[in-house]
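Notes follow the structure.
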Amino acid sequence: MSSDKFSSARAYPARRVARWDEETDVVIVGFGAAGASSAIEAAAAGAKVTLFEVGAGSGGASALSGGEIYLGGGGGTPIQIQNGFTDDTESLYTYLKMAGGPDADLAKVRLYADNSLAHYHWLVEQGVVYKGTHIPTKIIEPETDDTLIWCGSEEAWPFSEAARPAPRGHVIQWTGWGGGRKLMDVLEARVRKLGVDVRANTRVLCLVADEDGAVQGVAIRDNGAEKFIRARKGVILCTGGFCMNRDMMQRYAPNALVSNDPIGVVDDGSGIVMGQSVGGDAIHMDQFFTTCPWYPPESLVKGIMVNIHGQRFINEDCYHGRVSAYIAKQPRSKAYLLLDNDIFGRPMEFSRVDVAATGETWAEVESELGMTAGTLTATVEVFSREAAKGHDPLFRKAAKWLKPLTKGPFAALEMDMSTSFFSYFTLGGLNTLPTGEVLARDGKTVPGLYAAGRATAGLPRWGEGYSSGMSLADCTFFGRMAGKTAGAKLS
Ligand SMILES: Cc1cc2nc3c(=O)[nH]c(=O)nc-3n(C[C@H](O)[C@H](O)[C@H](O)COP(=O)(O)OP(=O)(O)OC[C@H]3O[C@@H](n4cnc5c(N)ncnc54)[C@H](O)[C@@H]3O)c2cc1C
């Protein structure tokens, strides 16, 4: 077989396969959190599972991650309760619905909210350890091995009015950032214990399908040799997103390209393209998560964010990613964080957020930023006047974060999507049922094809609503669903 026969954008016709090199029940493509969770459940359902991973071992973006998972509801996880919080399922449902944006997948949101507590217990059964301690301050990821953090906009308007807030970021016990590697080690151990046949350094080149699009297997490249693998029960695509594929980014999500900081490993969109090759529908392809870690220190949250015209545009107590998504939409994708001397601080160095202007008065800062006289000063004056009374009538920032910005000297920190660290990854992907079955444009399922994780548009599908932990929640939970469905299917 010569390799020019294969393109992820074209399914290989099953009728041209003279001989299958191998047969299995379920083929899983990709060994990140979604692939591992799919493999565990498919194997637990009694299926023979073969998992192909182009990299040298388990990992993907999942291993780079903080290992934080968005969990709650059902009265509260043991960790929430241990730290004095309760969490009702309806509040979790409402929060996830709002976070999913105007096209939230309500079936997935319902299923996840109803089963999030059980999913917590499943993770613990797999071997995930939570230390159980809570960090009350606003952070990005724990520097310590603590567990429970505020990881979204739960306490901020409009979410706080619609859903009772609770901290839901559950971080695997691991000292410092990057608990995702530990999470993957735990899941990998379970995958191997269940006898899944793991093939690293093996790229899945394309799907193999009947003329009507029914998926029969895959073509792989294994040690330079191309082979056909038959999947009797189905193929599960768990290949991650497409933030590293410049052409796809240009076509679908060009607004993210203002930033130079995609985060991921392979993320070339191959699974999405394979799904499309058999009629799978890819949705919300313009959506991406982006964040500039502009806090901690949390005193900065008491500052106000203005665009280049000196206008506020959001309540700054929202999740750092929601604020960043709003910055991305401002003129020149740029904002200034205005601070007075009481709250001045510097974000972590890697954020590349620098001081753009200082002054003894706000008028001096305004002039140094080159803004029209009276614009920034009016914004600060109105904000400070109302903050002194304990409100923010324009953007409804919570009283806890309100403080008149009146103690000079004053400073403006610059957050510019093209020069500051605005990391991003994609949220669009294949449209799937909660069972993991891939949907075609006509709403019918593509026979034999499943997908999970960032190869799909899942719970997180709206940049403005994303909260930390939602992607891994989606990958692990709906990865499990895909594995259960494919593993149990009659072949
Ligand atoms: C620095 C960082 C921190 C993050 N922190 C968090 C966090 O704390 N919580 C959270 O919820 N989210 C977090 N995220 C996002 C989250 O990690 C990812 O969205 C998620 O892990 C994606 O998982 P996945 O299984 O879909 O894909 P991946 O983990 O990327 O796995 C996909 C795998 O498929 C393989 N693959 C791709 N194509 C092929 C092919 N054709 N053949 C064979 N193999 C293939 C890849 O090599 C890869 O190993 C973070 C992301 C980053 C980068």
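Following the order of the structure tokens, chains are lettered A, B, ..., residues in each are numbered from 1, and ligands are numbered from 1.
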Backbone-only DSSP, strand (DSSP E) members of region 303-385 of chain A, as a PyMOL selection string: chain A and resi 304-306+334-339+354-359
Those selected residues, please, written with N, CA and C atoms and delivered as a PDB file, in the first residue's frame.
ATOM      1  N   ILE A 304     -10.253  47.715  37.497  1.00  0.00           N
ATOM      2  CA  ILE A 304     -11.247  47.660  36.417  1.00  0.00           C
ATOM      3  C   ILE A 304     -10.543  47.536  35.077  1.00  0.00           C
ATOM      4  N   MET A 305     -11.233  46.848  34.188  1.00  0.00           N
ATOM      5  CA  MET A 305     -10.709  46.579  32.854  1.00  0.00           C
ATOM      6  C   MET A 305     -11.352  47.575  31.900  1.00  0.00           C
ATOM      7  N   VAL A 306     -10.551  48.264  31.101  1.00  0.00           N
ATOM      8  CA  VAL A 306     -11.126  49.145  30.073  1.00  0.00           C
ATOM      9  C   VAL A 306     -10.531  48.812  28.716  1.00  0.00           C
ATOM     10  N   LYS A 334      -7.487  44.209  22.881  1.00  0.00           N
ATOM     11  CA  LYS A 334      -6.573  44.786  23.854  1.00  0.00           C
ATOM     12  C   LYS A 334      -7.363  45.426  24.996  1.00  0.00           C
ATOM     13  N   ALA A 335      -6.809  45.386  26.215  1.00  0.00           N
ATOM     14  CA  ALA A 335      -7.476  46.049  27.353  1.00  0.00           C
ATOM     15  C   ALA A 335      -6.418  46.529  28.333  1.00  0.00           C
ATOM     16  N   TYR A 336      -6.840  47.412  29.203  1.00  0.00           N
ATOM     17  CA  TYR A 336      -5.964  47.879  30.283  1.00  0.00           C
ATOM     18  C   TYR A 336      -6.637  47.562  31.609  1.00  0.00           C
ATOM     19  N   LEU A 337      -5.839  47.111  32.552  1.00  0.00           N
ATOM     20  CA  LEU A 337      -6.335  46.859  33.901  1.00  0.00           C
ATOM     21  C   LEU A 337      -5.893  48.043  34.757  1.00  0.00           C
ATOM     22  N   LEU A 338      -6.871  48.768  35.274  1.00  0.00           N
ATOM     23  CA  LEU A 338      -6.578  49.994  36.022  1.00  0.00           C
ATOM     24  C   LEU A 338      -6.512  49.693  37.520  1.00  0.00           C
ATOM     25  N   LEU A 339      -5.423  50.103  38.147  1.00  0.00           N
ATOM     26  CA  LEU A 339      -5.185  49.783  39.553  1.00  0.00           C
ATOM     27  C   LEU A 339      -4.783  51.041  40.312  1.00  0.00           C
ATOM     28  N   ASP A 354       2.341  43.850  31.185  1.00  0.00           N
ATOM     29  CA  ASP A 354       3.271  44.861  31.697  1.00  0.00           C
ATOM     30  C   ASP A 354       2.580  46.178  31.995  1.00  0.00           C
ATOM     31  N   VAL A 355       3.286  47.021  32.737  1.00  0.00           N
ATOM     32  CA  VAL A 355       2.754  48.352  33.041  1.00  0.00           C
ATOM     33  C   VAL A 355       2.832  49.192  31.763  1.00  0.00           C
ATOM     34  N   ALA A 356       1.688  49.755  31.367  1.00  0.00           N
ATOM     35  CA  ALA A 356       1.656  50.579  30.150  1.00  0.00           C
ATOM     36  C   ALA A 356       1.706  52.062  30.483  1.00  0.00           C
ATOM     37  N   ALA A 357       1.201  52.432  31.669  1.00  0.00           N
ATOM     38  CA  ALA A 357       1.175  53.859  32.040  1.00  0.00           C
ATOM     39  C   ALA A 357       1.025  53.991  33.546  1.00  0.00           C
ATOM     40  N   THR A 358       1.568  55.090  34.067  1.00  0.00           N
ATOM     41  CA  THR A 358       1.395  55.397  35.496  1.00  0.00           C
ATOM     42  C   THR A 358       1.108  56.891  35.607  1.00  0.00           C
ATOM     43  N   GLY A 359       0.616  57.289  36.767  1.00  0.00           N
ATOM     44  CA  GLY A 359       0.379  58.720  36.944  1.00  0.00           C
ATOM     45  C   GLY A 359      -0.040  59.034  38.364  1.00  0.00           C
TER      46      GLY A 359
END
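Ranking A:Gly269, A:Gly443, A:Gly321, A:Gly345 by their shortest atom-to-atom distance to ligand 1, with only C-alpha atoms and all ligand atoms included, puts A:Gly269 first.
Minimum atom-to-atom distance to Ile220 (chain A), evaluated using only C-alpha atoms, belongs to A:Val29 out of A:Cys318, A:Met481, A:Val29, A:Leu413.
When the distance limit is 9 Å and only C-alpha atoms are what count, the residues near Glu188 (chain A), minus those fewer than 6 positions from it on the same chain, are Phe31, Ala36 and Ser58 of chain A.
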Backbone-only DSSP, alpha helix (DSSP H) members of region 106-352 of chain A, as a PyMOL selection string: chain A and resi 106-126+159-162+180-193+246-252+270-277+320-328
Given the selection you just returned, output its residues as a file containing C-alpha atoms, formatted as an mmCIF file, in the first residue's frame.
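Saved as selection_22.cif:
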data_model
loop_
_atom_site.group_PDB
_atom_site.id
_atom_site.type_symbol
_atom_site.label_atom_id
_atom_site.label_comp_id
_atom_site.auth_asym_id
_atom_site.auth_seq_id
_atom_site.Cartn_x
_atom_site.Cartn_y
_atom_site.Cartn_z
ATOM 1 C CA LEU A 106 -29.056 20.385 27.077
ATOM 2 C CA ALA A 107 -29.093 16.599 26.869
ATOM 3 C CA LYS A 108 -25.407 16.447 27.755
ATOM 4 C CA VAL A 109 -25.752 19.116 30.429
ATOM 5 C CA ARG A 110 -28.650 17.205 32.033
ATOM 6 C CA LEU A 111 -26.839 13.878 31.962
ATOM 7 C CA TYR A 112 -23.652 15.352 33.361
ATOM 8 C CA ALA A 113 -25.377 17.341 36.113
ATOM 9 C CA ASP A 114 -27.357 14.268 37.200
ATOM 10 C CA ASN A 115 -24.280 12.036 37.185
ATOM 11 C CA SER A 116 -21.427 14.325 38.154
ATOM 12 C CA LEU A 117 -21.326 13.045 41.725
ATOM 13 C CA ALA A 118 -21.265 9.436 40.517
ATOM 14 C CA HIS A 119 -18.490 10.465 38.101
ATOM 15 C CA TYR A 120 -16.487 11.790 41.053
ATOM 16 C CA HIS A 121 -16.768 8.370 42.676
ATOM 17 C CA TRP A 122 -15.791 6.664 39.417
ATOM 18 C CA LEU A 123 -12.635 8.787 39.200
ATOM 19 C CA VAL A 124 -11.747 7.872 42.772
ATOM 20 C CA GLU A 125 -12.355 4.179 41.980
ATOM 21 C CA GLN A 126 -9.917 4.442 39.073
ATOM 22 C CA PHE A 159 -24.261 33.243 36.905
ATOM 23 C CA SER A 160 -24.538 34.036 40.620
ATOM 24 C CA GLU A 161 -28.130 35.205 40.210
ATOM 25 C CA ALA A 162 -29.271 32.116 38.354
ATOM 26 C CA GLY A 180 -2.712 16.203 34.229
ATOM 27 C CA ARG A 181 0.306 13.924 33.867
ATOM 28 C CA LYS A 182 -0.586 12.256 37.144
ATOM 29 C CA LEU A 183 -4.219 11.941 36.019
ATOM 30 C CA MET A 184 -3.111 10.252 32.807
ATOM 31 C CA ASP A 185 -0.793 7.885 34.697
ATOM 32 C CA VAL A 186 -3.740 6.800 36.856
ATOM 33 C CA LEU A 187 -6.045 6.301 33.867
ATOM 34 C CA GLU A 188 -3.327 4.538 31.868
ATOM 35 C CA ALA A 189 -2.702 2.057 34.691
ATOM 36 C CA ARG A 190 -6.397 1.195 34.642
ATOM 37 C CA VAL A 191 -6.471 0.902 30.841
ATOM 38 C CA ARG A 192 -3.573 -1.555 30.940
ATOM 39 C CA LYS A 193 -5.033 -3.522 33.836
ATOM 40 C CA ARG A 246 -2.925 26.545 11.135
ATOM 41 C CA ASP A 247 -5.060 25.901 8.051
ATOM 42 C CA MET A 248 -8.038 24.746 10.077
ATOM 43 C CA MET A 249 -7.621 27.661 12.498
ATOM 44 C CA GLN A 250 -7.501 30.065 9.572
ATOM 45 C CA ARG A 251 -10.641 28.564 8.091
ATOM 46 C CA TYR A 252 -12.754 28.075 11.208
ATOM 47 C CA SER A 270 -7.346 14.758 12.206
ATOM 48 C CA GLY A 271 -10.218 13.105 14.065
ATOM 49 C CA ILE A 272 -12.635 15.896 13.209
ATOM 50 C CA VAL A 273 -11.652 15.662 9.552
ATOM 51 C CA MET A 274 -12.025 11.870 9.624
ATOM 52 C CA GLY A 275 -15.486 12.246 11.108
ATOM 53 C CA GLN A 276 -16.418 14.731 8.405
ATOM 54 C CA SER A 277 -15.167 12.307 5.739
ATOM 55 C CA HIS A 320 -10.099 34.880 34.042
ATOM 56 C CA GLY A 321 -11.010 33.063 30.813
ATOM 57 C CA ARG A 322 -14.368 34.821 30.472
ATOM 58 C CA VAL A 323 -12.685 38.192 30.952
ATOM 59 C CA SER A 324 -10.038 37.171 28.404
ATOM 60 C CA ALA A 325 -12.719 36.098 25.897
ATOM 61 C CA TYR A 326 -14.242 39.566 26.237
ATOM 62 C CA ILE A 327 -10.830 41.203 25.786
ATOM 63 C CA ALA A 328 -10.417 39.210 22.573
#
Between atom 37 (C, counted along the ligand's line) of ligand 1 and CA of Phe242 (chain A) - distance in Å to one decimal: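 Taking CA of Phe242 (chain A) as the start and atom 37 (C, counted along the ligand's line) of ligand 1 as the end point, the length is 9.4 Å.
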Residue contacts of Asp105 (chain A) (10 Å, only C-alpha atoms) excluding same-chain residues fewer than 2 positions away, as a list in words: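 Final neighbour list, sorted by chain and number: Leu96, Lys97, Gly100, Gly101, Pro102, Asp103, Ala107, Lys108, Val109, Arg110, Asn431, Thr432, Leu433, Pro434, Ala457, Gly458, Leu459, Pro460 and Arg461 of chain A.
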For all heavy atoms, I'd like the residues from the last selection saved as a CSV table (one decimal), in the first residue's frame.
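Wrote it out as part_39.csv, contents follow:
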chain,number,residue,atom,x,y,z
A,96,LEU,N,-24.0,25.0,34.1
A,96,LEU,CA,-23.4,24.4,32.9
A,96,LEU,C,-24.2,24.8,31.6
A,96,LEU,O,-23.6,25.0,30.6
A,96,LEU,CB,-23.4,22.9,33.0
A,96,LEU,CG,-22.4,22.3,34.0
A,96,LEU,CD1,-22.7,20.8,34.1
A,96,LEU,CD2,-21.0,22.5,33.6
A,97,LYS,N,-25.5,25.0,31.8
A,97,LYS,CA,-26.3,25.4,30.7
A,97,LYS,C,-25.9,26.8,30.3
A,97,LYS,O,-25.7,27.1,29.1
A,97,LYS,CB,-27.8,25.4,31.1
A,97,LYS,CG,-28.8,25.7,30.0
A,97,LYS,CD,-30.2,25.5,30.5
A,97,LYS,CE,-30.7,26.8,31.0
A,97,LYS,NZ,-32.2,26.9,31.2
A,100,GLY,N,-22.6,26.8,28.6
A,100,GLY,CA,-22.6,26.2,27.2
A,100,GLY,C,-23.0,27.2,26.2
A,100,GLY,O,-23.0,26.9,25.0
A,101,GLY,N,-23.6,28.4,26.6
A,101,GLY,CA,-23.9,29.4,25.7
A,101,GLY,C,-25.2,29.2,25.0
A,101,GLY,O,-26.0,28.3,25.4
A,102,PRO,N,-25.5,30.0,23.9
A,102,PRO,CA,-26.8,30.0,23.3
A,102,PRO,C,-27.2,28.6,22.7
A,102,PRO,O,-28.3,28.4,22.5
A,102,PRO,CB,-26.7,31.0,22.2
A,102,PRO,CG,-25.3,31.6,22.2
A,102,PRO,CD,-24.5,31.0,23.3
A,103,ASP,N,-26.2,27.8,22.4
A,103,ASP,CA,-26.5,26.4,21.9
A,103,ASP,C,-26.0,25.4,22.8
A,103,ASP,O,-25.5,24.3,22.4
A,103,ASP,CB,-25.9,26.3,20.5
A,103,ASP,CG,-26.3,25.0,19.8
A,103,ASP,OD1,-27.5,24.6,20.0
A,103,ASP,OD2,-25.4,24.3,19.3
A,107,ALA,N,-29.1,18.0,26.5
A,107,ALA,CA,-29.1,16.6,26.9
A,107,ALA,C,-27.8,16.2,27.6
A,107,ALA,O,-27.8,15.5,28.6
A,107,ALA,CB,-29.3,15.8,25.6
A,108,LYS,N,-26.7,16.7,27.1
A,108,LYS,CA,-25.4,16.4,27.8
A,108,LYS,C,-25.3,17.1,29.1
A,108,LYS,O,-24.9,16.6,30.1
A,108,LYS,CB,-24.2,16.9,26.9
A,108,LYS,CG,-24.0,16.0,25.7
A,108,LYS,CD,-22.7,16.4,24.9
A,108,LYS,CE,-22.6,15.5,23.7
A,108,LYS,NZ,-21.8,16.0,22.7
A,109,VAL,N,-25.8,18.4,29.2
A,109,VAL,CA,-25.8,19.1,30.4
A,109,VAL,C,-26.6,18.4,31.5
A,109,VAL,O,-26.2,18.2,32.6
A,109,VAL,CB,-26.3,20.6,30.2
A,109,VAL,CG1,-26.5,21.3,31.5
A,109,VAL,CG2,-25.3,21.4,29.4
A,110,ARG,N,-27.8,17.9,31.1
A,110,ARG,CA,-28.6,17.2,32.0
A,110,ARG,C,-28.0,15.9,32.5
A,110,ARG,O,-27.9,15.7,33.7
A,110,ARG,CB,-30.0,16.9,31.3
A,110,ARG,CG,-31.0,16.2,32.1
A,110,ARG,CD,-31.8,17.2,33.0
A,110,ARG,NE,-31.3,17.3,34.3
A,110,ARG,CZ,-31.6,18.2,35.2
A,110,ARG,NH1,-32.4,19.2,34.8
A,110,ARG,NH2,-31.2,18.2,36.4
A,431,ASN,N,-20.4,16.8,16.2
A,431,ASN,CA,-21.6,16.8,16.9
A,431,ASN,C,-21.9,15.4,17.3
A,431,ASN,O,-22.0,14.5,16.5
A,431,ASN,CB,-22.7,17.4,16.0
A,431,ASN,CG,-24.0,17.8,16.8
A,431,ASN,OD1,-24.0,17.8,18.0
A,431,ASN,ND2,-25.1,18.0,16.1
A,432,THR,N,-22.1,15.2,18.6
A,432,THR,CA,-22.4,13.8,19.1
A,432,THR,C,-23.6,13.8,20.0
A,432,THR,O,-24.0,14.8,20.6
A,432,THR,CB,-21.2,13.3,19.9
A,432,THR,OG1,-20.9,14.2,20.9
A,432,THR,CG2,-20.0,13.1,19.0
A,433,LEU,N,-24.2,12.6,20.1
A,433,LEU,CA,-25.2,12.4,21.1
A,433,LEU,C,-24.5,12.2,22.4
A,433,LEU,O,-23.3,11.9,22.5
A,433,LEU,CB,-26.1,11.1,20.7
A,433,LEU,CG,-27.0,11.3,19.5
A,433,LEU,CD1,-27.6,9.9,19.2
A,433,LEU,CD2,-28.0,12.3,19.8
A,434,PRO,N,-25.3,12.2,23.6
A,434,PRO,CA,-24.6,11.9,24.8
A,434,PRO,C,-24.0,10.5,24.9
A,434,PRO,O,-23.1,10.3,25.6
A,434,PRO,CB,-25.8,12.0,25.8
A,434,PRO,CG,-26.7,13.0,25.2
A,434,PRO,CD,-26.6,12.7,23.7
A,457,ALA,N,-17.8,18.8,19.9
A,457,ALA,CA,-18.4,20.0,20.7
A,457,ALA,C,-19.2,19.4,21.8
A,457,ALA,O,-20.2,18.8,21.6
A,457,ALA,CB,-19.3,20.8,19.7
A,458,GLY,N,-18.6,19.5,23.0
A,458,GLY,CA,-19.3,18.8,24.1
A,458,GLY,C,-19.9,19.8,25.1
A,458,GLY,O,-20.5,20.8,24.7
A,459,LEU,N,-19.7,19.5,26.4
A,459,LEU,CA,-20.3,20.5,27.4
A,459,LEU,C,-19.7,21.9,27.1
A,459,LEU,O,-20.4,22.9,27.1
A,459,LEU,CB,-19.9,20.0,28.8
A,459,LEU,CG,-20.6,18.9,29.5
A,459,LEU,CD1,-19.9,18.6,30.8
A,459,LEU,CD2,-22.0,19.2,29.7
A,460,PRO,N,-18.3,21.9,27.1
A,460,PRO,CA,-17.7,23.3,26.8
A,460,PRO,C,-17.8,23.5,25.3
A,460,PRO,O,-17.2,22.8,24.5
A,460,PRO,CB,-16.3,23.1,27.2
A,460,PRO,CG,-16.0,21.7,27.2
A,460,PRO,CD,-17.3,20.9,27.2
A,461,ARG,N,-18.4,24.6,24.8
A,461,ARG,CA,-18.6,24.8,23.4
A,461,ARG,C,-18.7,26.3,23.2
A,461,ARG,O,-19.1,26.8,22.1
A,461,ARG,CB,-19.8,24.1,22.8
A,461,ARG,CG,-21.1,24.3,23.6
A,461,ARG,CD,-22.3,23.7,23.0
A,461,ARG,NE,-22.1,22.3,22.7
A,461,ARG,CZ,-22.9,21.6,21.9
A,461,ARG,NH1,-23.9,22.2,21.2
A,461,ARG,NH2,-22.7,20.4,21.6
Neighbouring residues of Trp362 (chain A) were defined as those with any atom within 7 Å, considering only C-alpha atoms; residues of the same chain fewer than 3 positions away were excluded. Please report them as an mmCIF file with all heavy atoms, in the first residue's frame.
data_model
loop_
_atom_site.group_PDB
_atom_site.id
_atom_site.type_symbol
_atom_site.label_atom_id
_atom_site.label_comp_id
_atom_site.auth_asym_id
_atom_site.auth_seq_id
_atom_site.Cartn_x
_atom_site.Cartn_y
_atom_site.Cartn_z
ATOM 1 N N GLY A 359 0.616 57.289 36.767
ATOM 2 C CA GLY A 359 0.379 58.720 36.944
ATOM 3 C C GLY A 359 -0.040 59.034 38.364
ATOM 4 O O GLY A 359 -0.510 58.150 39.084
ATOM 5 N N VAL A 365 -2.668 59.179 33.540
ATOM 6 C CA VAL A 365 -2.670 57.824 32.966
ATOM 7 C C VAL A 365 -3.376 57.844 31.610
ATOM 8 O O VAL A 365 -2.878 57.292 30.612
ATOM 9 C CB VAL A 365 -3.370 56.819 33.934
ATOM 10 C CG1 VAL A 365 -3.495 55.446 33.291
ATOM 11 C CG2 VAL A 365 -2.624 56.733 35.261
ATOM 12 N N GLU A 366 -4.508 58.517 31.580
ATOM 13 C CA GLU A 366 -5.303 58.629 30.339
ATOM 14 C C GLU A 366 -4.469 59.243 29.215
ATOM 15 O O GLU A 366 -4.421 58.732 28.086
ATOM 16 C CB GLU A 366 -6.507 59.518 30.651
ATOM 17 C CG GLU A 366 -7.441 59.808 29.517
ATOM 18 C CD GLU A 366 -8.548 60.758 30.023
ATOM 19 O OE1 GLU A 366 -8.257 61.967 30.213
ATOM 20 O OE2 GLU A 366 -9.664 60.278 30.236
ATOM 21 N N THR A 377 -11.025 58.929 32.442
ATOM 22 C CA THR A 377 -11.294 59.587 33.730
ATOM 23 C C THR A 377 -12.772 59.494 34.100
ATOM 24 O O THR A 377 -13.112 59.262 35.262
ATOM 25 C CB THR A 377 -10.845 61.064 33.692
ATOM 26 O OG1 THR A 377 -11.293 61.639 32.483
ATOM 27 C CG2 THR A 377 -9.356 61.210 33.816
ATOM 28 N N PHE A 410 -1.390 55.844 40.361
ATOM 29 C CA PHE A 410 -2.253 54.929 39.609
ATOM 30 C C PHE A 410 -1.468 54.269 38.468
ATOM 31 O O PHE A 410 -0.464 54.816 38.001
ATOM 32 C CB PHE A 410 -3.441 55.706 39.023
ATOM 33 C CG PHE A 410 -4.210 56.467 40.080
ATOM 34 C CD1 PHE A 410 -4.107 57.865 40.170
ATOM 35 C CD2 PHE A 410 -5.009 55.799 40.996
ATOM 36 C CE1 PHE A 410 -4.812 58.565 41.145
ATOM 37 C CE2 PHE A 410 -5.713 56.494 41.979
ATOM 38 C CZ PHE A 410 -5.611 57.878 42.063
#
Quick one: contact table of region 102-140 of chain A to region 151-154 of chain A, 10 Å max, nearest atom pair and distance in Å to one decimal per residue, counting only C-alpha atoms, chain and number order, as a Markdown table?
| residue | atom | partner | partner_atom | distance |
| --- | --- | --- | --- | --- |
| A:Lys138 | CA | A:Cys151 | CA | 8.0 |
| A:Ile139 | CA | A:Cys151 | CA | 7.9 |
| A:Ile140 | CA | A:Cys151 | CA | 7.5 |
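Among the candidate residues A:Ala231, A:Val171, A:Cys292, A:Met285, the one lying nearest to Gly448 (chain A) is A:Ala231, with distances computed using only C-alpha atoms.
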Counting only C-alpha atoms and all ligand atoms, the option among A:Ala42, A:Val196, A:Ile343, A:Ala56 closest to ligand 1: A:Ala56
Test item: residues at most 12 Å from Glu211 (chain A), only C-alpha atoms, excluding those fewer than 3 positions along its chain, as a CSV table (one decimal) with N, CA and C atoms, in the first residue's frame:
chain,number,residue,atom,x,y,z
A,10,ARG,N,-10.5,11.6,3.5
A,10,ARG,CA,-11.2,10.7,2.6
A,10,ARG,C,-11.3,9.3,3.3
A,11,ALA,N,-12.5,8.8,3.5
A,11,ALA,CA,-12.6,7.4,4.0
A,11,ALA,C,-12.2,6.5,3.0
A,12,TYR,N,-11.4,5.5,3.4
A,12,TYR,CA,-11.0,4.4,2.4
A,12,TYR,C,-12.1,3.5,2.2
A,13,PRO,N,-12.4,3.2,0.9
A,13,PRO,CA,-13.6,2.3,0.7
A,13,PRO,C,-13.4,0.9,1.2
A,14,ALA,N,-14.3,0.4,2.0
A,14,ALA,CA,-14.1,-1.0,2.6
A,14,ALA,C,-14.1,-2.0,1.5
A,15,ARG,N,-14.8,-1.8,0.4
A,15,ARG,CA,-14.8,-2.8,-0.7
A,15,ARG,C,-13.4,-3.0,-1.3
A,16,ARG,N,-12.5,-2.0,-1.1
A,16,ARG,CA,-11.2,-2.1,-1.7
A,16,ARG,C,-10.2,-2.8,-0.7
A,208,VAL,N,-12.1,3.6,7.5
A,208,VAL,CA,-12.5,2.7,6.4
A,208,VAL,C,-14.0,2.5,6.5
A,214,ALA,N,-21.0,3.8,6.5
A,214,ALA,CA,-20.9,3.0,7.8
A,214,ALA,C,-19.5,2.7,8.0
A,215,VAL,N,-19.0,3.0,9.2
A,215,VAL,CA,-17.6,2.8,9.5
A,215,VAL,C,-17.3,1.4,9.8
A,216,GLN,N,-16.3,0.8,9.2
A,216,GLN,CA,-15.9,-0.6,9.4
A,216,GLN,C,-14.6,-0.8,10.1
A,277,SER,N,-15.3,13.1,7.0
A,277,SER,CA,-15.2,12.3,5.7
A,277,SER,C,-16.3,11.3,5.6
A,278,VAL,N,-17.0,10.9,6.6
A,278,VAL,CA,-18.1,10.0,6.5
A,278,VAL,C,-19.4,10.7,6.8
A,279,GLY,N,-19.4,12.0,6.7
A,279,GLY,CA,-20.7,12.8,6.9
A,279,GLY,C,-20.9,13.3,8.2
A,447,PRO,N,-23.2,5.3,11.3
A,447,PRO,CA,-23.1,3.9,11.8
A,447,PRO,C,-21.6,3.6,12.1
Residue among A:Asp317, A:Glu41, A:Asp222, A:Glu381 lying closest to ligand 1, counting only C-alpha atoms and all ligand atoms: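 With only C-alpha atoms and all ligand atoms as the atom set, the closest residue is A:Asp222.
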Counting only C-alpha atoms, the residue of A:Glu68, A:Glu414, A:Asp286, A:Glu53 that sits nearest Cys475 (chain A):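 Closest to Cys475 (chain A), using only C-alpha atoms: A:Glu68.
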